[in-house]
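Student: Pasting in a structure now, in structure tokens, and then I'll have a few things to ask.
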Amino acid sequence: MSRIIGNVGMLDLTEATEESVKSIERIDNVGMVLYRAETAHLLALLTNAGNIGKTLEIPRGYRFFKGTLRLNAEYFRHKQPENVFTYGTVVIDQDVTLEAFEHSGLHMAVRGEVYVPKHLEGAVTASLLKMDGAEASIQAYQSELRFESGKFRLTNAYLSSLKEPRYLVVNGVLELEKDLDMEQFAARLETLHVNGMAMIHEEQSPYFYDKMKSINGQVKVIPAGFEHVTKTLRLNARTIRRFADRKLYTKHPIVLDADVTREAFSRAIAGIQSSSIVICSEDIEDLVWERCPDVNTEIVSYEQAFVFVEGEEAWSKDQLLALKEPASFIVDGTLILEDDVTEDVLEAKLRSLDLFGKVMIAEKRIKGVLYPYLRSMSGSIIVKGTEEKFAGIGNVGMLSL
């Protein structure tokens, strides 16, 4: 049975056969293809793939290892000479001596990172260059290594648990706690290395960049005095009372209900920096604009009633007719208009449409009905049945055939 697959980060053909390659009907794009000399002919069969970023041959006689390979003194004491190709990370422990490494007979080729103690940096570098290191990134350390994966929040409690300085490696998302003791941060971390994304506060920047050896990804800086909002924030006349001159930094929508007065908003919110949308009544729209200097922020106002669609919602004729007055529809997810929704119903109950996501309609004619109501159009209107249906596997980090 043939399969359809989205984007693939790494396609492993080291043990593939013609049958396994032909079982793939289509692959969108491939970041890198790994193969051996004996499977090189299979590259010609990848006519069903889109763009291929790079191909890399594993040298003949090399054992292939995927993931994290940790080598300690015990390994070098007992292991026979070996050729290893690693796709991932190699960690050589501090207890490995220069003599043990040089007499081990270990030959490495690495696609990824190699963490080595400082006293082995030269020898490991020479070894990788000799064997054509396959784009290895060498990171030398003196303090003990500490690895964290996934979404990792660096807190004062974590720093206090470190008895000695550490070389910290984060694979994923690193977030620095807002009230992190940066003097302790400087004392407890020898070096910081991030593969992914780091989220820090502006006042932490000097300490952070001083410890940051390298980052394979991006750093997002929360401006000084701003609070990081990590989900959609909806405020009404009651809930806004807990805010006082707050500055908000977010990539999620902020929704202000109609009962939020000018006085309440002025007291509560001093600034908004958002890459998403802010929804507010026309009564406070000018105040919202004053507090949103970022041109990437979409400010959407409503006159009376509004409907905010963030996930997926289906609306029928009866639901629309149940609205007491025409409403502004703000779509950041998917709005499905059922087949019984007619032109007359839309004209009676739709005041405006701000489209950042998708609207699914039953027939093309409804698209013409919706267009006069559009104010923002960065999304799409799709006739049901015409959307591309993907009946396969989504994106894959690594695929072995």
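Each chain of the structure tokens is named A, B, ... in the order shown, its residues numbered from 1; ligands are numbered from 1 in display order.
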Within 12 Å of A:Ile58, counting only C-alpha atoms, which residues show up once you throw out same-chain ones fewer than 2 positions away? Write them as a PyMOL selection string, please.

Tutor: chain A and resi 12-15+33-40+55-56+60-65+83-87+108-111+131-134

Student: Output C-alpha atoms of each residue in that selection to a file, as an mmCIF file, in the first residue's frame.

Tutor:
```cif
data_model
loop_
_atom_site.group_PDB
_atom_site.id
_atom_site.type_symbol
_atom_site.label_atom_id
_atom_site.label_comp_id
_atom_site.auth_asym_id
_atom_site.auth_seq_id
_atom_site.Cartn_x
_atom_site.Cartn_y
_atom_site.Cartn_z
ATOM 1 C CA ASP A 12 17.291 7.176 6.227
ATOM 2 C CA LEU A 13 17.985 4.886 3.248
ATOM 3 C CA THR A 14 20.794 2.951 4.935
ATOM 4 C CA GLU A 15 18.713 -0.234 5.132
ATOM 5 C CA VAL A 33 18.991 11.850 2.829
ATOM 6 C CA LEU A 34 21.372 9.373 4.467
ATOM 7 C CA TYR A 35 22.503 6.378 2.427
ATOM 8 C CA ARG A 36 25.271 3.793 2.079
ATOM 9 C CA ALA A 37 27.183 2.907 -1.065
ATOM 10 C CA GLU A 38 25.063 -0.226 -1.470
ATOM 11 C CA THR A 39 21.806 1.799 -1.343
ATOM 12 C CA ALA A 40 23.018 4.747 -3.445
ATOM 13 C CA THR A 55 22.490 13.864 0.614
ATOM 14 C CA LEU A 56 25.105 12.282 2.859
ATOM 15 C CA ARG A 60 31.792 1.923 4.132
ATOM 16 C CA GLY A 61 32.592 -0.094 7.256
ATOM 17 C CA TYR A 62 31.022 2.421 9.659
ATOM 18 C CA ARG A 63 28.355 1.476 12.177
ATOM 19 C CA PHE A 64 25.414 3.877 12.064
ATOM 20 C CA PHE A 65 24.083 5.326 15.323
ATOM 21 C CA ASN A 83 34.232 2.997 13.134
ATOM 22 C CA VAL A 84 31.064 4.885 14.091
ATOM 23 C CA PHE A 85 28.924 7.343 12.140
ATOM 24 C CA THR A 86 26.614 9.254 14.504
ATOM 25 C CA TYR A 87 23.584 11.264 13.469
ATOM 26 C CA MET A 108 34.160 8.901 14.315
ATOM 27 C CA ALA A 109 32.159 10.758 11.725
ATOM 28 C CA VAL A 110 29.403 12.926 13.185
ATOM 29 C CA ARG A 111 26.457 14.836 11.816
ATOM 30 C CA MET A 131 37.860 11.207 8.972
ATOM 31 C CA ASP A 132 35.952 14.079 7.286
ATOM 32 C CA GLY A 133 33.819 14.845 10.321
ATOM 33 C CA ALA A 134 30.535 15.249 8.371
#
```

Student: Show me, as number ranges by chain, the residues that have an atom within 12 Å of A:Phe308 when counting only C-alpha atoms, minus same-chain residues fewer than 3 positions from it.

Tutor: A: 232, 234, 253-257, 277-280, 300-302, 305, 311-313, 327-335, 352-357

Student: Take atom CA of A:Lys358 and atom CA of A:Ile272 and report the distance between them in Å, one decimal.

Tutor: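 Computed distance, atom CA of A:Lys358 to atom CA of A:Ile272, equals 26.1 Å.
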
Student: Return the single residue from A:Leu129, A:Met212, A:Val90, A:Ala187 that is closest to A:Val170, with distances computed using only C-alpha atoms.

Tutor: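 Ranked by minimum distance to A:Val170, first place goes to A:Met212.
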
Student: Could you check how far atom CA of A:Lys247 sits from atom CA of A:Phe208, in Å to one decimal?

Tutor: 22.5 Å

Student: If you run DSSP over the backbone, which residues in stretch 157-367 of chain A end up helix (DSSP H, G or I)? Put them as a PyMOL selection string.

Tutor: chain A and resi 157-161+182-188+202-211+239-242+262-268+282-290+317-321+343-349+364-367

Student: Please measure the separation of atom CA of A:Ile336 and atom CA of A:Val307, giving the value in Å to one decimal.

Tutor: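 These two atoms are separated by 13.3 Å.
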
Student: Could you give me, as a tab-separated table, every stretch 174-246 of chain A residue with an atom at most 6 Å from stretch 143-159 of chain A, plus its closest atom pair and distance in Å to one decimal, counting only C-alpha atoms, rows ordered by chain then number?

Tutor:
```
residue	atom	partner	partner_atom	distance
A:Leu174	CA	A:Phe152	CA	5.0
A:Glu175	CA	A:Arg153	CA	4.7
A:Leu176	CA	A:Leu154	CA	5.0
A:Glu177	CA	A:Thr155	CA	5.5
A:Leu180	CA	A:Asn156	CA	5.7
```

Student: Could you list, as a PyMOL selection string, every residue within 10 Å of stretch 258-270 of chain A, counting only C-alpha atoms and ignoring same-chain residues fewer than 3 positions away?

Tutor: chain A and resi 226+235-248+255+279-288+290-292+302-306

Student: For A:Asn296, find every residue with an atom within 9 Å (counting only C-alpha atoms), except residues of its own chain fewer than 2 positions away, and show them as a list in words.

Tutor: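 Residues meeting the cut-off are Ser274, Ser275, Ser276, Ile277, Pro293, Asp294 and Glu298 of chain A.
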
Student: Could you take the residues named above and write them with all heavy atoms, as a CSV table (one decimal), in the first residue's frame?

Tutor:
```
chain,number,residue,atom,x,y,z
A,274,SER,N,2.1,42.8,20.9
A,274,SER,CA,1.5,41.5,20.4
A,274,SER,C,1.8,41.3,18.9
A,274,SER,O,1.8,42.3,18.1
A,274,SER,CB,0.0,41.6,20.7
A,274,SER,OG,-0.6,40.5,20.0
A,275,SER,N,2.0,40.1,18.6
A,275,SER,CA,2.1,39.7,17.1
A,275,SER,C,0.8,39.0,16.7
A,275,SER,O,0.7,38.5,15.6
A,275,SER,CB,3.3,38.7,16.9
A,275,SER,OG,3.1,37.6,17.8
A,276,SER,N,-0.3,39.1,17.5
A,276,SER,CA,-1.5,38.5,17.2
A,276,SER,C,-2.6,39.6,17.1
A,276,SER,O,-2.3,40.7,16.5
A,276,SER,CB,-1.9,37.6,18.3
A,276,SER,OG,-3.1,36.9,18.0
A,277,ILE,N,-3.8,39.4,17.6
A,277,ILE,CA,-4.9,40.4,17.4
A,277,ILE,C,-5.4,40.8,18.8
A,277,ILE,O,-5.3,40.1,19.8
A,277,ILE,CB,-6.1,39.8,16.6
A,277,ILE,CG1,-6.6,38.5,17.3
A,277,ILE,CG2,-5.7,39.5,15.2
A,277,ILE,CD1,-7.8,37.9,16.6
A,293,PRO,N,2.3,49.9,20.1
A,293,PRO,CA,3.2,50.5,19.1
A,293,PRO,C,3.6,49.6,18.0
A,293,PRO,O,4.1,50.1,17.0
A,293,PRO,CB,4.4,50.9,20.0
A,293,PRO,CG,4.4,49.9,21.1
A,293,PRO,CD,2.9,49.6,21.4
A,294,ASP,N,3.4,48.3,18.2
A,294,ASP,CA,3.9,47.3,17.2
A,294,ASP,C,3.0,47.3,16.0
A,294,ASP,O,1.8,47.0,16.1
A,294,ASP,CB,4.0,45.9,17.8
A,294,ASP,CG,4.7,44.9,17.0
A,294,ASP,OD1,4.9,45.2,15.7
A,294,ASP,OD2,5.1,43.9,17.5
A,298,GLU,N,-2.7,43.4,15.0
A,298,GLU,CA,-4.0,43.7,14.4
A,298,GLU,C,-5.0,44.1,15.5
A,298,GLU,O,-5.3,43.3,16.4
A,298,GLU,CB,-4.5,42.4,13.7
A,298,GLU,CG,-3.7,42.0,12.4
A,298,GLU,CD,-4.2,42.8,11.2
A,298,GLU,OE1,-5.1,43.6,11.3
A,298,GLU,OE2,-3.6,42.6,10.1
```

Student: Considering only C-alpha atoms, return as a list in words whatever protein or nucleic-acid residues lie within 9 Å of A:Ala198, sequence-local ones (same chain, fewer than 6 positions apart) excluded.

Tutor: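 Returned residues: Gly172, Val173, Leu174, Glu175, Leu176, Ile215, Gly217, Gln218, Val219, Lys220 and Val221 of chain A.
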
Student: Using DSSP on the backbone, list every residue of stretch 140-348 of chain A that comes out as strand (DSSP E or B), and give them as a PyMOL selection string.

Tutor: chain A and resi 140-141+144-154+166-176+189-201+212-222+227-229+233-235+246-250+254-256+269-274+277-281+298-302+305-309+312-315+327-331+334-337

Student: Give me, as an MDAnalysis selection string, all polymer residues having an atom no more than 12 Å from A:Tyr371, counting only C-alpha atoms and skipping those fewer than 6 positions away in the same chain.

Tutor: chainID A and resid 346:347 350:355 359 364:365 377 380:381

Student: Write a file of the selected residues as a PDB file, in the first residue's frame, keeping N, CA, C and O atoms.

Tutor:
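Below is the file again_38.pdb, written as the result:
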```
ATOM      1  N   LEU A 346     -27.438  35.778   6.376  1.00  0.00           N
ATOM      2  CA  LEU A 346     -26.155  36.469   6.535  1.00  0.00           C
ATOM      3  C   LEU A 346     -26.341  37.984   6.492  1.00  0.00           C
ATOM      4  O   LEU A 346     -25.749  38.716   7.288  1.00  0.00           O
ATOM      5  N   GLU A 347     -27.158  38.454   5.586  1.00  0.00           N
ATOM      6  CA  GLU A 347     -27.381  39.897   5.481  1.00  0.00           C
ATOM      7  C   GLU A 347     -28.070  40.455   6.720  1.00  0.00           C
ATOM      8  O   GLU A 347     -27.865  41.614   7.084  1.00  0.00           O
ATOM      9  N   LEU A 350     -25.064  39.424   9.991  1.00  0.00           N
ATOM     10  CA  LEU A 350     -23.623  39.670   9.901  1.00  0.00           C
ATOM     11  C   LEU A 350     -23.365  41.165   9.755  1.00  0.00           C
ATOM     12  O   LEU A 350     -23.817  41.810   8.816  1.00  0.00           O
ATOM     13  N   ARG A 351     -22.652  41.730  10.728  1.00  0.00           N
ATOM     14  CA  ARG A 351     -22.314  43.154  10.652  1.00  0.00           C
ATOM     15  C   ARG A 351     -20.973  43.352   9.944  1.00  0.00           C
ATOM     16  O   ARG A 351     -20.804  44.264   9.123  1.00  0.00           O
ATOM     17  N   SER A 352     -19.985  42.522  10.285  1.00  0.00           N
ATOM     18  CA  SER A 352     -18.669  42.609   9.650  1.00  0.00           C
ATOM     19  C   SER A 352     -17.960  41.274   9.811  1.00  0.00           C
ATOM     20  O   SER A 352     -18.354  40.445  10.641  1.00  0.00           O
ATOM     21  N   LEU A 353     -16.917  41.068   9.016  1.00  0.00           N
ATOM     22  CA  LEU A 353     -16.145  39.822   9.080  1.00  0.00           C
ATOM     23  C   LEU A 353     -14.661  40.161   9.018  1.00  0.00           C
ATOM     24  O   LEU A 353     -14.189  40.768   8.057  1.00  0.00           O
ATOM     25  N   ASP A 354     -13.937  39.788  10.072  1.00  0.00           N
ATOM     26  CA  ASP A 354     -12.470  39.899  10.094  1.00  0.00           C
ATOM     27  C   ASP A 354     -11.923  38.488  10.032  1.00  0.00           C
ATOM     28  O   ASP A 354     -12.142  37.679  10.944  1.00  0.00           O
ATOM     29  N   LEU A 355     -11.224  38.190   8.955  1.00  0.00           N
ATOM     30  CA  LEU A 355     -10.841  36.809   8.662  1.00  0.00           C
ATOM     31  C   LEU A 355      -9.330  36.614   8.741  1.00  0.00           C
ATOM     32  O   LEU A 355      -8.584  37.087   7.887  1.00  0.00           O
ATOM     33  N   VAL A 359     -13.039  30.304   6.550  1.00  0.00           N
ATOM     34  CA  VAL A 359     -14.495  30.158   6.560  1.00  0.00           C
ATOM     35  C   VAL A 359     -14.848  29.115   5.512  1.00  0.00           C
ATOM     36  O   VAL A 359     -14.462  29.241   4.338  1.00  0.00           O
ATOM     37  N   LYS A 364     -20.274  28.508  -3.892  1.00  0.00           N
ATOM     38  CA  LYS A 364     -19.468  29.661  -4.297  1.00  0.00           C
ATOM     39  C   LYS A 364     -20.212  30.976  -4.124  1.00  0.00           C
ATOM     40  O   LYS A 364     -19.618  32.000  -3.807  1.00  0.00           O
ATOM     41  N   ARG A 365     -21.528  30.971  -4.339  1.00  0.00           N
ATOM     42  CA  ARG A 365     -22.305  32.198  -4.284  1.00  0.00           C
ATOM     43  C   ARG A 365     -22.193  32.887  -2.925  1.00  0.00           C
ATOM     44  O   ARG A 365     -22.194  34.118  -2.830  1.00  0.00           O
ATOM     45  N   MET A 377      -8.560  40.602   5.808  1.00  0.00           N
ATOM     46  CA  MET A 377      -8.591  39.388   4.993  1.00  0.00           C
ATOM     47  C   MET A 377      -7.192  38.819   4.852  1.00  0.00           C
ATOM     48  O   MET A 377      -6.506  39.029   3.858  1.00  0.00           O
ATOM     49  N   SER A 380      -8.800  32.753   4.471  1.00  0.00           N
ATOM     50  CA  SER A 380      -9.333  32.254   3.201  1.00  0.00           C
ATOM     51  C   SER A 380     -10.774  31.795   3.361  1.00  0.00           C
ATOM     52  O   SER A 380     -11.196  31.362   4.440  1.00  0.00           O
ATOM     53  N   ILE A 381     -11.530  31.909   2.271  1.00  0.00           N
ATOM     54  CA  ILE A 381     -12.895  31.404   2.194  1.00  0.00           C
ATOM     55  C   ILE A 381     -12.882  30.211   1.245  1.00  0.00           C
ATOM     56  O   ILE A 381     -12.462  30.327   0.089  1.00  0.00           O
TER      57      ILE A 381
END
```

Student: Write out as JSON lines the residues of stretch 112-227 of chain A that have any atom within 12 Å of an atom of stretch 66-69 of chain A, one row each with the nearest atom pair and its distance in Å to one decimal, counting only C-alpha atoms, sorted by chain and then rising number.

Tutor:
```
{"residue": "A:Gly112", "atom": "CA", "partner": "A:Gly67", "partner_atom": "CA", "distance": 9.6}
{"residue": "A:Glu113", "atom": "CA", "partner": "A:Thr68", "partner_atom": "CA", "distance": 9.5}
{"residue": "A:Val114", "atom": "CA", "partner": "A:Leu69", "partner_atom": "CA", "distance": 9.4}
{"residue": "A:Tyr115", "atom": "CA", "partner": "A:Leu69", "partner_atom": "CA", "distance": 10.4}
{"residue": "A:Phe147", "atom": "CA", "partner": "A:Thr68", "partner_atom": "CA", "distance": 11.0}
{"residue": "A:Asn171", "atom": "CA", "partner": "A:Thr68", "partner_atom": "CA", "distance": 12.0}
```

Student: Write out, as a short mmCIF file (atom, residue, chain, number, x, y, z; two decimals), in the first residue's frame, the residues just selected, with C-alpha atoms.

Tutor:
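File result_7.cif, as written:
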```cif
data_model
loop_
_atom_site.label_atom_id
_atom_site.label_comp_id
_atom_site.auth_asym_id
_atom_site.auth_seq_id
_atom_site.Cartn_x
_atom_site.Cartn_y
_atom_site.Cartn_z
CA GLY A 112 25.55 16.90 14.85
CA GLU A 113 27.30 18.02 18.00
CA VAL A 114 30.27 16.59 19.89
CA TYR A 115 30.71 17.55 23.55
CA PHE A 147 21.14 18.17 29.44
CA ASN A 171 17.30 20.90 23.44
#
```
